[in-house]
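To start, the structure itself, in structure tokens.
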There are 2 protein chains.
Amino acid sequence: MELHELQTPSLVLDVGRVRRNAARMAERVQRLGADLRPHVKTHKCVEVARLQTAGHRGGITVSTLAEARVFAAQGINDITYAVPIEPGKFDEAVELARACERFALITDDASVPGPLGEAARRGGVTFDVFLKVDCGYHRCGVEPHLPEARAIPRLIRDSPGLRFAGILTHAGHSYHARSHAELLDIARHERDSMRDFAAELRAEGLEVPVVSIGSTPTVTQVDHLEGVDEVRPGNYIFFDAFQAALGSCAFDDCALTVLAAVTHRDRTRRKIILDAGAVALSKDRGAVEFDEMCGYGRVLDLEGRDLGLRVESLSQEHGAMCVPDEKLFDSLCVGARVRVLANHSCLTAAQHSHYHVLESGRIVDRWKIHRGW
Amino acid sequence: MELHELQTPSLVLDVGRVRRNAARMAERVQRLGADLRPHVKTHKCVEVARLQTAGHRGGITVSTLAEARVFAAQGINDITYAVPIEPGKFDEAVELARACERFALITDDASVPGPLGEAARRGGVTFDVFLKVDCGYHRCGVEPHLPEARAIPRLIRDSPGLRFAGILTHAGHSYHARSHAELLDIARHERDSMRDFAAELRAEGLEVPVVSIGSTPTVTQVDHLEGVDEVRPGNYIFFDAFQAALGSCAFDDCALTVLAAVTHRDRTRRKIILDAGAVALSKDRGAVEFDEMCGYGRVLDLEGRDLGLRVESLSQEHGAMCVPDEKLFDSLCVGARVRVLANHSCLTAAQHSHYHVLESGRIVDRWKIHRGW
């Protein structure tokens with residue numbers, strides 16, 4: 001099928017770029033001496049995960065138990081669920097531990113290891129459990145200087161049914177870095193603070209099997225990975241306008257776009273409406289810290305060339321853009337097709353049921369996106 | 001099943017409130033002498049549509065052809081597709097015209113009636129086609145004073161395969177009204193400008209079968225509907241924090257919440273993380289014009305009482321809130337359940353596959369949400 005024959009809106013995946021992004025990151029992480037455990041939350045797709053883990057051990061990171069179930073059923077069964085586990089999910093986690101070769105959880109709360117260990121013993125499984133560490137993002141995790149940072153690993157180690165898997169962090173504040181120097185500082189701190197914290201725990205006699213770090217911006221920029229065992233970037237497989245603004249990639253590394261049709265044009269206001277609205281693109285505001293005018297996505301032609309336009313506002317099924325150039329306005333008649341390079345590929349992908357796989361200008365396949373929880 | 005036994009995050013629909021919202025709007029529109037053609041984009045759910053059309057003709061409005069296909073297959077087959085039709089969707093529209101008792105389209109572009117009529121003739125169907133009018137929102141539609149506003153109805157009327165269905169508008173700018181007086185002005189203008197424009201077209205010899213208007217804020221506030229044949233509100237069936245801020249409803253009319261669990265707590269920062277993130281709530285920023293601190297949703301307890309907290313920031317699977325009160329912080333341990341009343345119910349619903357139907361404190365059913373295009 002030709003690209004322009006797809007219904008609109010449709011999610012389009014440039015598989016050549018996915019392969020290139022996968023190969024580059026795999027090569028980089030290998031060269032830096034760590035294992036790659038990609039975060040599949042970005043794509044939620046078995047076919048993409050297979051491209052992504054080629055040449056690596058095959059372990060993945062997930063953000064939902066639904067992702068874990070789907071990937072485990074497809075034989076990708078060395079999984080870390082990288083959102084802190086809470087008691088309402090213990091039973092499902094037991095099922096997953098049975099289905100997986102290895103199913104690891106994370107916690108940063110002293111109330112969790114006891115009941116989690118009981119659930120594991122009742123279920124006849126053993127969980128690998130990481131301590132989630134806060135290296136400056138302050139979303140989840142415990143800061144290394146706090147007493148809990150020493151207490152929780154011991155609670156895990158001493159709980160039958162649990163194995164202390166190591167320490168894990170995510171420098172999500174890298175997304176808010178304002179310069180390359182600041183980003184590199186964050187990347188080094190993510191690495192060094194975890195290396196140092198592991199050394200302290202080890203000096204106190206605790207075995208720390210794995211030091212796990214990673215976000216796409218920090219893994220892309222970090223200068224070495226000594227002291228780190230594995231990295232868990234996710235977004236790099238598609239990249240997006242945000243990552244390009246941040247300097248993690250070039251615009252032509254971005255693999256995910258939404259094909260959209262012009263449904264309305266207002267010559268007086270030089271305004272054009274696309275049928276890609278908030279439900280097709282997500283309302284992620286993107287890199288507003290770098291580019292106040294970033295809107296909700298860059299508008300490209302069918303070949304992927306930037307038309308210099310942005311989707312400026314969204315309602316449920318409408319994306320609005322201003323087209324000052326008269327010739328360009330004239331070419332965008334009702335029914336014309338464009339591609340929108342969204343701000344945040346993880347959230348855009350999560351709006352859709354399938355990827356339409358683009359290769360050499362044609363749609364060659366359709367891959368399922370496993371949404372839900 | 002008890003509410004607290006649901007997995008998290010889950011979408012919860014208070015069906016008692018849905019019935020009350022449906023009955024109030026049906027009664028109001030009947031009293032004002034118009035037909036109710038609810039917009040099902042808010043819920044995308046057959047069971048909700050049946051509650052909503054009870055006592056009315058049963059016609060609905062849709063925002064996607066996927067909605068049209070599902071509702072038509074379930075016998076709800078008097079449908080207006082209220083996004084301007086573009087040529088890439090003509091063939092699907094022909095299929096829908098075959099499946100429906102009545103399938104109406106809208107256009108505001110002079111390039112559309114000719115080819116649309118040809119597609120209808122090739123397919124052996126006749127489309128009802130409305131002129132989409134811009135009554136001040138400036139999203140889609142043609143302004144009544146422009147020459148196209150007179151030309152397009154004639155192009156429709158004169159095209160074999162098409163029937164001119166009338167004029168249709170949506171005062172979406174009502175969502176940005178800053179006071180009750182301004183909202184009432186917009187509601188009156190939506191009604192009066194359409195009534196006057198219909199009169200002009202009729203004076204010129206054009207038959208205008210239907211004058212169709214409506215948004216939840218304007219239909220909720222308008223003082224009469226003389227000159228209007230049908231109204232198409234959608235959001236009123238659930239309402240949400242935005243509509244409550246706008247004065248369209250009370251907070252206890254809001255029927256849609258997301259059940260979420262506490263996954264992390266940071267005593268130092270008095271910060272709590274829920275497992276309802278951007279993928280569960282949507283990133284709609286809500287009524288920031290009225291309430292800069294509205295965040296991404298109000299946090300309620302399981303019984304629906306407002307805890308006075310807001311979800312302040314979102315990442316994919318994390319919702320963050322600040323809990324200054326120590327007693328409240330202590331009660332929100334890891335695993336505790338809360339409900340988030342989202343800013344914009346249409347976008348929140350579109351993130352989920354099902355509603356969990358809450359009645360008298362228990363989950364009594366599970367209704368499918370028909371997403372996609």
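Chains: A, B, ... in order of the structure tokens. Residues: from 1 per chain. Ligands: from 1, in order shown.
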Tell me the residues of chain A close to chain B, meaning within 6 Å using only C-alpha atoms, as a count of residues only.
7
Any idea what's packed within 8 Å of Gly59 (chain A), counting only C-alpha atoms, ignoring anything in its chain fewer than 5 positions away? Could you give it as a ChimeraX atom specification?
/A:36-38,53,76-80
Just-selected residues, N, CA and C atoms written as an mmCIF file, in the first residue's frame:
data_model
loop_
_atom_site.group_PDB
_atom_site.id
_atom_site.type_symbol
_atom_site.label_atom_id
_atom_site.label_comp_id
_atom_site.auth_asym_id
_atom_site.auth_seq_id
_atom_site.Cartn_x
_atom_site.Cartn_y
_atom_site.Cartn_z
ATOM 1 N N LEU A 36 22.128 -3.474 27.600
ATOM 2 C CA LEU A 36 20.995 -2.621 27.207
ATOM 3 C C LEU A 36 19.706 -3.349 27.589
ATOM 4 N N ARG A 37 18.903 -2.701 28.407
ATOM 5 C CA ARG A 37 17.585 -3.252 28.770
ATOM 6 C C ARG A 37 16.558 -2.197 28.376
ATOM 7 N N PRO A 38 16.217 -2.118 27.095
ATOM 8 C CA PRO A 38 15.388 -1.005 26.614
ATOM 9 C C PRO A 38 14.026 -0.958 27.292
ATOM 10 N N THR A 53 16.270 -5.444 20.742
ATOM 11 C CA THR A 53 17.099 -6.282 21.611
ATOM 12 C C THR A 53 18.071 -7.137 20.805
ATOM 13 N N ILE A 76 9.614 -12.884 25.292
ATOM 14 C CA ILE A 76 10.553 -11.860 25.777
ATOM 15 C C ILE A 76 10.318 -11.799 27.279
ATOM 16 N N ASN A 77 11.029 -12.640 28.018
ATOM 17 C CA ASN A 77 10.584 -12.921 29.388
ATOM 18 C C ASN A 77 11.648 -12.671 30.462
ATOM 19 N N ASP A 78 12.553 -11.754 30.161
ATOM 20 C CA ASP A 78 13.453 -11.231 31.199
ATOM 21 C C ASP A 78 13.075 -9.763 31.351
ATOM 22 N N ILE A 79 12.245 -9.498 32.367
ATOM 23 C CA ILE A 79 11.515 -8.228 32.419
ATOM 24 C C ILE A 79 11.709 -7.518 33.754
ATOM 25 N N THR A 80 11.972 -6.209 33.697
ATOM 26 C CA THR A 80 11.933 -5.370 34.896
ATOM 27 C C THR A 80 10.733 -4.428 34.790
#
Overlay target chain B, mobile chain A, all C-alpha paired in order, as a compact mmCIF listing (two decimals) with C-alpha atoms, in the first residue's frame:
# COMPACT_ATOMS: atom_id res chain seq x y z
CA MET A 1 -17.01 -6.33 42.81
CA GLU A 2 -16.13 -3.58 45.25
CA LEU A 3 -14.62 -0.39 43.89
CA HIS A 4 -11.36 -0.91 45.78
CA GLU A 5 -10.90 -4.35 44.22
CA LEU A 6 -10.48 -2.95 40.70
CA GLN A 7 -7.02 -2.93 39.21
CA THR A 8 -5.46 0.50 38.93
CA PRO A 9 -5.58 2.66 36.96
CA SER A 10 -9.20 2.02 35.96
CA LEU A 11 -11.86 4.27 34.52
CA VAL A 12 -14.93 4.44 36.78
CA LEU A 13 -18.35 5.58 35.58
CA ASP A 14 -20.95 6.61 38.15
CA VAL A 15 -24.02 5.40 36.27
CA GLY A 16 -26.47 7.12 38.63
CA ARG A 17 -24.94 10.46 37.68
CA VAL A 18 -24.97 9.53 33.99
CA ARG A 19 -28.70 8.77 34.20
CA ARG A 20 -29.33 12.04 36.04
CA ASN A 21 -27.29 14.08 33.56
CA ALA A 22 -29.05 12.35 30.64
CA ALA A 23 -32.53 12.94 32.09
CA ARG A 24 -31.85 16.60 32.90
CA MET A 25 -30.58 17.43 29.43
CA ALA A 26 -33.32 15.43 27.70
CA GLU A 27 -35.96 17.22 29.77
CA ARG A 28 -34.38 20.63 29.19
CA VAL A 29 -34.09 20.24 25.42
CA GLN A 30 -37.61 18.86 25.17
CA ARG A 31 -38.92 21.79 27.17
CA LEU A 32 -37.08 24.19 24.88
CA GLY A 33 -38.73 22.53 21.89
CA ALA A 34 -35.68 21.08 20.09
CA ASP A 35 -34.45 17.62 19.25
CA LEU A 36 -31.46 16.26 21.15
CA ARG A 37 -28.78 14.67 18.97
CA PRO A 38 -26.07 13.99 21.56
CA HIS A 39 -22.43 13.91 20.52
CA VAL A 40 -21.14 10.45 21.44
CA LYS A 41 -17.47 11.42 21.04
CA THR A 42 -17.43 12.02 24.79
CA HIS A 43 -18.09 8.37 25.65
CA LYS A 44 -17.81 6.27 22.42
CA CYS A 45 -19.99 3.70 24.17
CA VAL A 46 -23.19 2.04 22.99
CA GLU A 47 -24.62 1.52 26.50
CA VAL A 48 -24.14 5.19 27.37
CA ALA A 49 -25.75 6.26 24.09
CA ARG A 50 -28.83 4.20 24.92
CA LEU A 51 -29.21 5.99 28.27
CA GLN A 52 -28.64 9.29 26.52
CA THR A 53 -31.16 8.96 23.70
CA ALA A 54 -33.97 7.55 25.87
CA GLY A 55 -37.13 9.55 25.21
CA HIS A 56 -35.64 11.28 22.16
CA ARG A 57 -35.61 10.34 18.49
CA GLY A 58 -32.41 8.39 18.90
CA GLY A 59 -30.23 10.35 16.50
CA ILE A 60 -26.60 10.84 17.48
CA THR A 61 -23.56 12.87 16.45
CA VAL A 62 -20.14 11.24 15.95
CA SER A 63 -16.58 12.53 15.59
CA THR A 64 -15.07 9.51 13.80
CA LEU A 65 -16.17 7.05 11.18
CA ALA A 66 -15.18 4.27 13.61
CA GLU A 67 -17.83 5.54 16.04
CA ALA A 68 -20.36 5.62 13.19
CA ARG A 69 -19.61 2.01 12.22
CA VAL A 70 -20.00 0.72 15.78
CA PHE A 71 -23.20 2.60 16.56
CA ALA A 72 -24.76 1.75 13.18
CA ALA A 73 -24.02 -1.93 13.77
CA GLN A 74 -25.84 -1.67 17.10
CA GLY A 75 -28.95 -0.17 15.53
CA ILE A 76 -28.25 3.45 16.45
CA ASN A 77 -28.30 4.43 12.82
CA ASP A 78 -29.44 8.03 12.48
CA ILE A 79 -26.00 9.60 12.53
CA THR A 80 -24.38 12.96 11.78
CA TYR A 81 -20.61 12.85 11.28
CA ALA A 82 -19.77 16.34 12.53
CA VAL A 83 -16.19 16.75 11.27
CA PRO A 84 -15.86 18.16 7.73
CA ILE A 85 -15.69 15.26 5.29
CA GLU A 86 -12.56 15.00 3.10
CA PRO A 87 -12.13 12.91 -0.06
CA GLY A 88 -10.05 10.16 1.62
CA LYS A 89 -13.17 9.22 3.62
CA PHE A 90 -15.75 9.23 0.79
CA ASP A 91 -15.69 5.45 0.26
CA GLU A 92 -16.14 4.70 3.95
CA ALA A 93 -18.92 7.25 4.10
CA VAL A 94 -20.68 5.45 1.24
CA GLU A 95 -20.50 2.20 3.24
CA LEU A 96 -21.95 3.99 6.24
CA ALA A 97 -24.77 5.52 4.22
CA ARG A 98 -25.67 1.95 3.21
CA ALA A 99 -25.57 0.75 6.84
CA CYS A 100 -27.55 3.67 8.29
CA GLU A 101 -31.13 4.78 8.15
CA ARG A 102 -29.67 8.27 7.75
CA PHE A 103 -26.00 9.26 7.55
CA ALA A 104 -25.36 13.00 7.38
CA LEU A 105 -22.08 14.73 6.60
CA ILE A 106 -20.89 18.30 6.94
CA THR A 107 -18.78 20.48 4.69
CA ASP A 108 -17.61 24.07 4.51
CA ASP A 109 -15.54 23.80 1.33
CA ALA A 110 -16.74 24.47 -2.20
CA SER A 111 -14.40 21.79 -3.57
CA VAL A 112 -16.27 19.01 -1.76
CA PRO A 113 -19.90 18.79 -3.00
CA GLY A 114 -19.03 17.88 -6.62
CA PRO A 115 -16.75 14.89 -5.93
CA LEU A 116 -18.84 13.85 -2.90
CA GLY A 117 -21.95 13.73 -5.06
CA GLU A 118 -20.08 11.63 -7.64
CA ALA A 119 -18.98 9.20 -4.91
CA ALA A 120 -22.58 8.96 -3.68
CA ARG A 121 -23.90 8.25 -7.17
CA ARG A 122 -21.19 5.66 -7.85
CA GLY A 123 -22.09 4.03 -4.54
CA GLY A 124 -25.82 4.23 -5.13
CA VAL A 125 -26.50 6.27 -1.97
CA THR A 126 -27.67 9.76 -1.11
CA PHE A 127 -25.96 11.83 1.59
CA ASP A 128 -27.61 14.42 3.74
CA VAL A 129 -25.05 17.25 3.80
CA PHE A 130 -25.02 20.20 6.17
CA LEU A 131 -23.22 23.45 5.61
CA LYS A 132 -20.87 23.85 8.56
CA VAL A 133 -21.16 27.44 9.80
CA ASP A 134 -18.64 29.38 11.87
CA CYS A 135 -20.54 31.28 14.59
CA GLY A 136 -17.40 32.69 16.18
CA TYR A 137 -15.28 29.71 17.25
CA HIS A 138 -13.16 29.96 14.06
CA ARG A 139 -12.17 26.30 14.13
CA CYS A 140 -14.20 25.02 11.19
CA GLY A 141 -17.12 26.39 9.22
CA VAL A 142 -17.76 29.29 6.93
CA GLU A 143 -18.90 32.66 8.27
CA PRO A 144 -22.44 33.56 7.16
CA HIS A 145 -21.38 36.85 5.57
CA LEU A 146 -18.98 35.20 3.10
CA PRO A 147 -20.08 34.39 -0.46
CA GLU A 148 -19.30 30.67 0.06
CA ALA A 149 -21.95 30.53 2.77
CA ARG A 150 -24.53 31.05 0.02
CA ALA A 151 -22.71 29.19 -2.74
CA ILE A 152 -22.02 25.90 -0.96
CA PRO A 153 -25.65 25.12 0.01
CA ARG A 154 -26.58 25.54 -3.66
CA LEU A 155 -23.69 23.30 -4.78
CA ILE A 156 -25.03 20.68 -2.37
CA ARG A 157 -28.65 21.11 -3.43
CA ASP A 158 -27.73 20.94 -7.12
CA SER A 159 -25.51 17.87 -6.84
CA PRO A 160 -27.30 14.61 -7.60
CA GLY A 161 -26.42 12.19 -4.80
CA LEU A 162 -26.57 14.92 -2.15
CA ARG A 163 -29.46 16.46 -0.21
CA PHE A 164 -28.99 19.81 1.50
CA ALA A 165 -29.69 18.97 5.15
CA GLY A 166 -29.44 22.43 6.63
CA ILE A 167 -26.92 24.44 8.61
CA LEU A 168 -24.87 23.29 11.56
CA THR A 169 -22.57 25.08 13.99
CA HIS A 170 -20.69 24.51 17.25
CA ALA A 171 -19.92 27.41 19.58
CA GLY A 172 -16.70 25.87 20.91
CA HIS A 173 -15.52 29.32 22.00
CA SER A 174 -18.04 28.97 24.85
CA TYR A 175 -15.31 26.94 26.60
CA HIS A 176 -13.24 30.09 26.83
CA ALA A 177 -15.95 32.38 28.20
CA ARG A 178 -14.75 34.20 31.30
CA SER A 179 -18.09 34.94 32.91
CA HIS A 180 -21.66 33.72 32.93
CA ALA A 181 -22.72 36.85 31.04
CA GLU A 182 -20.15 36.21 28.32
CA LEU A 183 -21.22 32.57 28.06
CA LEU A 184 -24.88 33.58 27.72
CA ASP A 185 -23.92 36.06 24.99
CA ILE A 186 -22.15 33.30 23.08
CA ALA A 187 -25.11 30.93 23.51
CA ARG A 188 -27.57 33.54 22.25
CA HIS A 189 -25.33 34.46 19.34
CA GLU A 190 -24.94 30.78 18.37
CA ARG A 191 -28.73 30.48 18.27
CA ASP A 192 -29.65 33.85 16.78
CA SER A 193 -26.97 34.00 14.11
CA MET A 194 -28.04 30.57 12.86
CA ARG A 195 -31.74 31.44 13.00
CA ASP A 196 -31.07 34.64 11.05
CA PHE A 197 -28.83 32.93 8.52
CA ALA A 198 -31.46 30.23 7.93
CA ALA A 199 -34.06 32.94 7.39
CA GLU A 200 -31.83 34.64 4.80
CA LEU A 201 -31.26 31.40 2.91
CA ARG A 202 -34.98 30.65 3.01
CA ALA A 203 -35.79 34.15 1.79
CA GLU A 204 -33.56 33.39 -1.19
CA GLY A 205 -35.64 30.31 -1.96
CA LEU A 206 -33.40 27.67 -0.40
CA GLU A 207 -35.04 25.01 1.70
CA VAL A 208 -33.21 24.69 5.05
CA PRO A 209 -34.56 21.54 6.69
CA VAL A 210 -32.58 21.64 9.94
CA VAL A 211 -30.83 24.30 12.02
CA SER A 212 -28.39 22.41 14.28
CA ILE A 213 -26.34 24.03 17.04
CA GLY A 214 -24.79 23.13 20.31
CA SER A 215 -22.10 22.66 22.84
CA THR A 216 -22.57 21.61 26.46
CA PRO A 217 -21.90 25.10 27.89
CA THR A 218 -24.26 26.90 25.49
CA VAL A 219 -27.11 24.37 25.63
CA THR A 220 -26.86 24.34 29.42
CA GLN A 221 -27.14 28.14 29.61
CA VAL A 222 -29.25 29.27 26.67
CA ASP A 223 -32.59 30.90 27.57
CA HIS A 224 -34.65 29.64 24.61
CA LEU A 225 -34.16 27.71 21.39
CA GLU A 226 -36.60 29.36 19.01
CA GLY A 227 -35.48 28.92 15.43
CA VAL A 228 -33.33 25.91 16.31
CA ASP A 229 -34.31 22.36 15.35
CA GLU A 230 -31.69 20.28 17.12
CA VAL A 231 -28.84 20.57 19.62
CA ARG A 232 -25.73 18.41 19.83
CA PRO A 233 -24.12 18.66 23.29
CA GLY A 234 -21.80 15.81 24.25
CA ASN A 235 -19.80 16.42 27.37
CA TYR A 236 -22.89 16.93 29.62
CA ILE A 237 -23.35 13.18 29.93
CA PHE A 238 -20.24 12.94 32.12
CA PHE A 239 -19.31 16.58 32.76
CA ASP A 240 -15.84 17.16 34.25
CA ALA A 241 -13.72 19.58 36.25
CA PHE A 242 -13.57 21.99 33.30
CA GLN A 243 -17.37 22.17 32.96
CA ALA A 244 -17.75 22.59 36.70
CA ALA A 245 -15.26 25.49 36.64
CA LEU A 246 -17.24 26.96 33.73
CA GLY A 247 -20.51 26.69 35.67
CA SER A 248 -22.18 24.13 33.39
CA CYS A 249 -22.57 21.72 36.30
CA ALA A 250 -21.80 21.11 39.95
CA PHE A 251 -18.81 19.00 40.92
CA ASP A 252 -21.15 16.27 42.10
CA ASP A 253 -22.63 15.99 38.62
CA CYS A 254 -19.28 14.73 37.31
CA ALA A 255 -19.63 11.03 36.50
CA LEU A 256 -16.15 10.01 35.37
CA THR A 257 -13.13 9.35 37.58
CA VAL A 258 -9.95 7.33 37.36
CA LEU A 259 -9.26 4.96 40.23
CA ALA A 260 -5.57 5.15 41.10
CA ALA A 261 -3.16 3.70 43.65
CA VAL A 262 -0.38 5.39 45.58
CA THR A 263 2.92 3.95 44.34
CA HIS A 264 5.42 6.28 46.03
CA ARG A 265 5.59 8.81 48.86
CA ASP A 266 8.32 11.29 49.65
CA ARG A 267 7.89 12.56 53.18
CA THR A 268 10.58 15.24 52.80
CA ARG A 269 8.79 16.90 49.90
CA ARG A 270 5.27 15.85 51.01
CA LYS A 271 4.91 14.41 47.53
CA ILE A 272 2.86 11.41 46.50
CA ILE A 273 2.89 9.54 43.21
CA LEU A 274 -0.17 7.80 41.78
CA ASP A 275 -0.20 5.14 39.08
CA ALA A 276 -2.51 7.33 36.96
CA GLY A 277 -0.22 9.17 34.55
CA ALA A 278 -0.61 10.90 31.21
CA VAL A 279 -1.81 7.70 29.54
CA ALA A 280 -4.60 7.24 32.12
CA LEU A 281 -5.71 10.88 32.50
CA SER A 282 -4.61 12.63 29.26
CA LYS A 283 -2.51 15.77 29.39
CA ASP A 284 -5.41 18.17 29.02
CA ARG A 285 -4.55 21.23 31.09
CA GLY A 286 -8.16 22.01 31.93
CA ALA A 287 -9.62 25.33 32.92
CA VAL A 288 -6.29 27.12 33.35
CA GLU A 289 -8.06 30.36 32.37
CA PHE A 290 -10.16 30.15 35.55
CA ASP A 291 -7.81 28.28 37.82
CA GLU A 292 -4.09 28.39 37.15
CA MET A 293 -3.56 25.63 39.72
CA CYS A 294 -6.09 23.21 38.24
CA GLY A 295 -3.34 20.78 37.32
CA TYR A 296 -4.45 17.54 35.72
CA GLY A 297 -7.31 16.53 37.99
CA ARG A 298 -8.90 16.80 41.42
CA VAL A 299 -8.19 14.00 43.86
CA LEU A 300 -11.18 12.41 45.62
CA ASP A 301 -11.47 9.59 48.12
CA LEU A 302 -13.23 6.33 47.21
CA GLU A 303 -16.61 7.77 48.19
CA GLY A 304 -16.04 10.75 45.89
CA ARG A 305 -15.25 13.36 48.56
CA ASP A 306 -12.78 16.02 47.44
CA LEU A 307 -9.48 15.65 49.31
CA GLY A 308 -8.44 19.17 48.29
CA LEU A 309 -5.50 17.84 46.26
CA ARG A 310 -4.67 18.16 42.56
CA VAL A 311 -2.57 15.99 40.28
CA GLU A 312 0.11 18.57 39.61
CA SER A 313 2.30 16.91 37.00
CA LEU A 314 2.16 13.87 34.80
CA SER A 315 4.57 11.53 33.14
CA GLN A 316 3.54 8.46 31.20
CA GLU A 317 2.49 6.26 34.15
CA HIS A 318 3.00 8.67 37.07
CA GLY A 319 0.78 11.39 38.47
CA ALA A 320 2.39 13.59 41.11
CA MET A 321 0.65 15.53 43.85
CA CYS A 322 1.72 17.53 46.85
CA VAL A 323 0.04 16.66 50.18
CA PRO A 324 0.96 19.31 52.75
CA ASP A 325 -1.41 18.03 55.45
CA GLU A 326 0.49 15.53 57.58
CA LYS A 327 -2.50 13.45 58.63
CA LEU A 328 -3.68 13.14 55.04
CA PHE A 329 -0.14 12.34 53.91
CA ASP A 330 0.06 9.59 56.51
CA SER A 331 -3.21 8.05 55.37
CA LEU A 332 -2.04 7.84 51.76
CA CYS A 333 0.29 4.88 52.19
CA VAL A 334 1.62 2.86 49.26
CA GLY A 335 -1.36 0.91 47.91
CA ALA A 336 -4.01 3.41 49.10
CA ARG A 337 -6.72 4.10 46.50
CA VAL A 338 -8.04 7.47 45.39
CA ARG A 339 -10.17 8.68 42.49
CA VAL A 340 -9.03 11.41 40.12
CA LEU A 341 -11.71 13.64 38.63
CA ALA A 342 -10.04 14.52 35.36
CA ASN A 343 -10.09 17.92 33.70
CA HIS A 344 -11.61 16.82 30.42
CA SER A 345 -13.73 13.68 30.43
CA CYS A 346 -13.75 13.24 26.61
CA LEU A 347 -9.97 12.94 26.44
CA THR A 348 -9.70 10.85 29.61
CA ALA A 349 -12.29 8.36 28.36
CA ALA A 350 -10.44 8.09 25.03
CA GLN A 351 -7.38 6.77 26.90
CA HIS A 352 -9.20 3.66 28.11
CA SER A 353 -10.69 0.49 26.67
CA HIS A 354 -13.61 0.16 29.13
CA TYR A 355 -15.76 1.88 31.71
CA HIS A 356 -16.16 0.14 35.04
CA VAL A 357 -19.76 0.89 35.94
CA LEU A 358 -20.26 2.03 39.51
CA GLU A 359 -23.72 1.77 41.05
CA SER A 360 -24.51 2.14 44.75
CA GLY A 361 -20.84 1.79 45.64
CA ARG A 362 -20.24 -1.43 43.68
CA ILE A 363 -18.85 -2.21 40.23
CA VAL A 364 -21.76 -3.82 38.41
CA ASP A 365 -20.66 -3.89 34.75
CA ARG A 366 -17.94 -3.17 32.21
CA TRP A 367 -18.75 -1.23 29.03
CA LYS A 368 -16.52 -1.04 25.98
CA ILE A 369 -15.11 2.27 24.63
CA HIS A 370 -14.81 2.26 20.83
CA ARG A 371 -11.60 4.09 20.08
CA GLY A 372 -9.75 4.58 16.83
CA TRP A 373 -10.75 5.89 13.44
Filtered DSSP result for region 218-349 of chain B, state strand (DSSP E or B), as a PyMOL selection string
chain B and resi 230-231+256-266+271-274+298-300+306-310+313-315+318-322+337-341
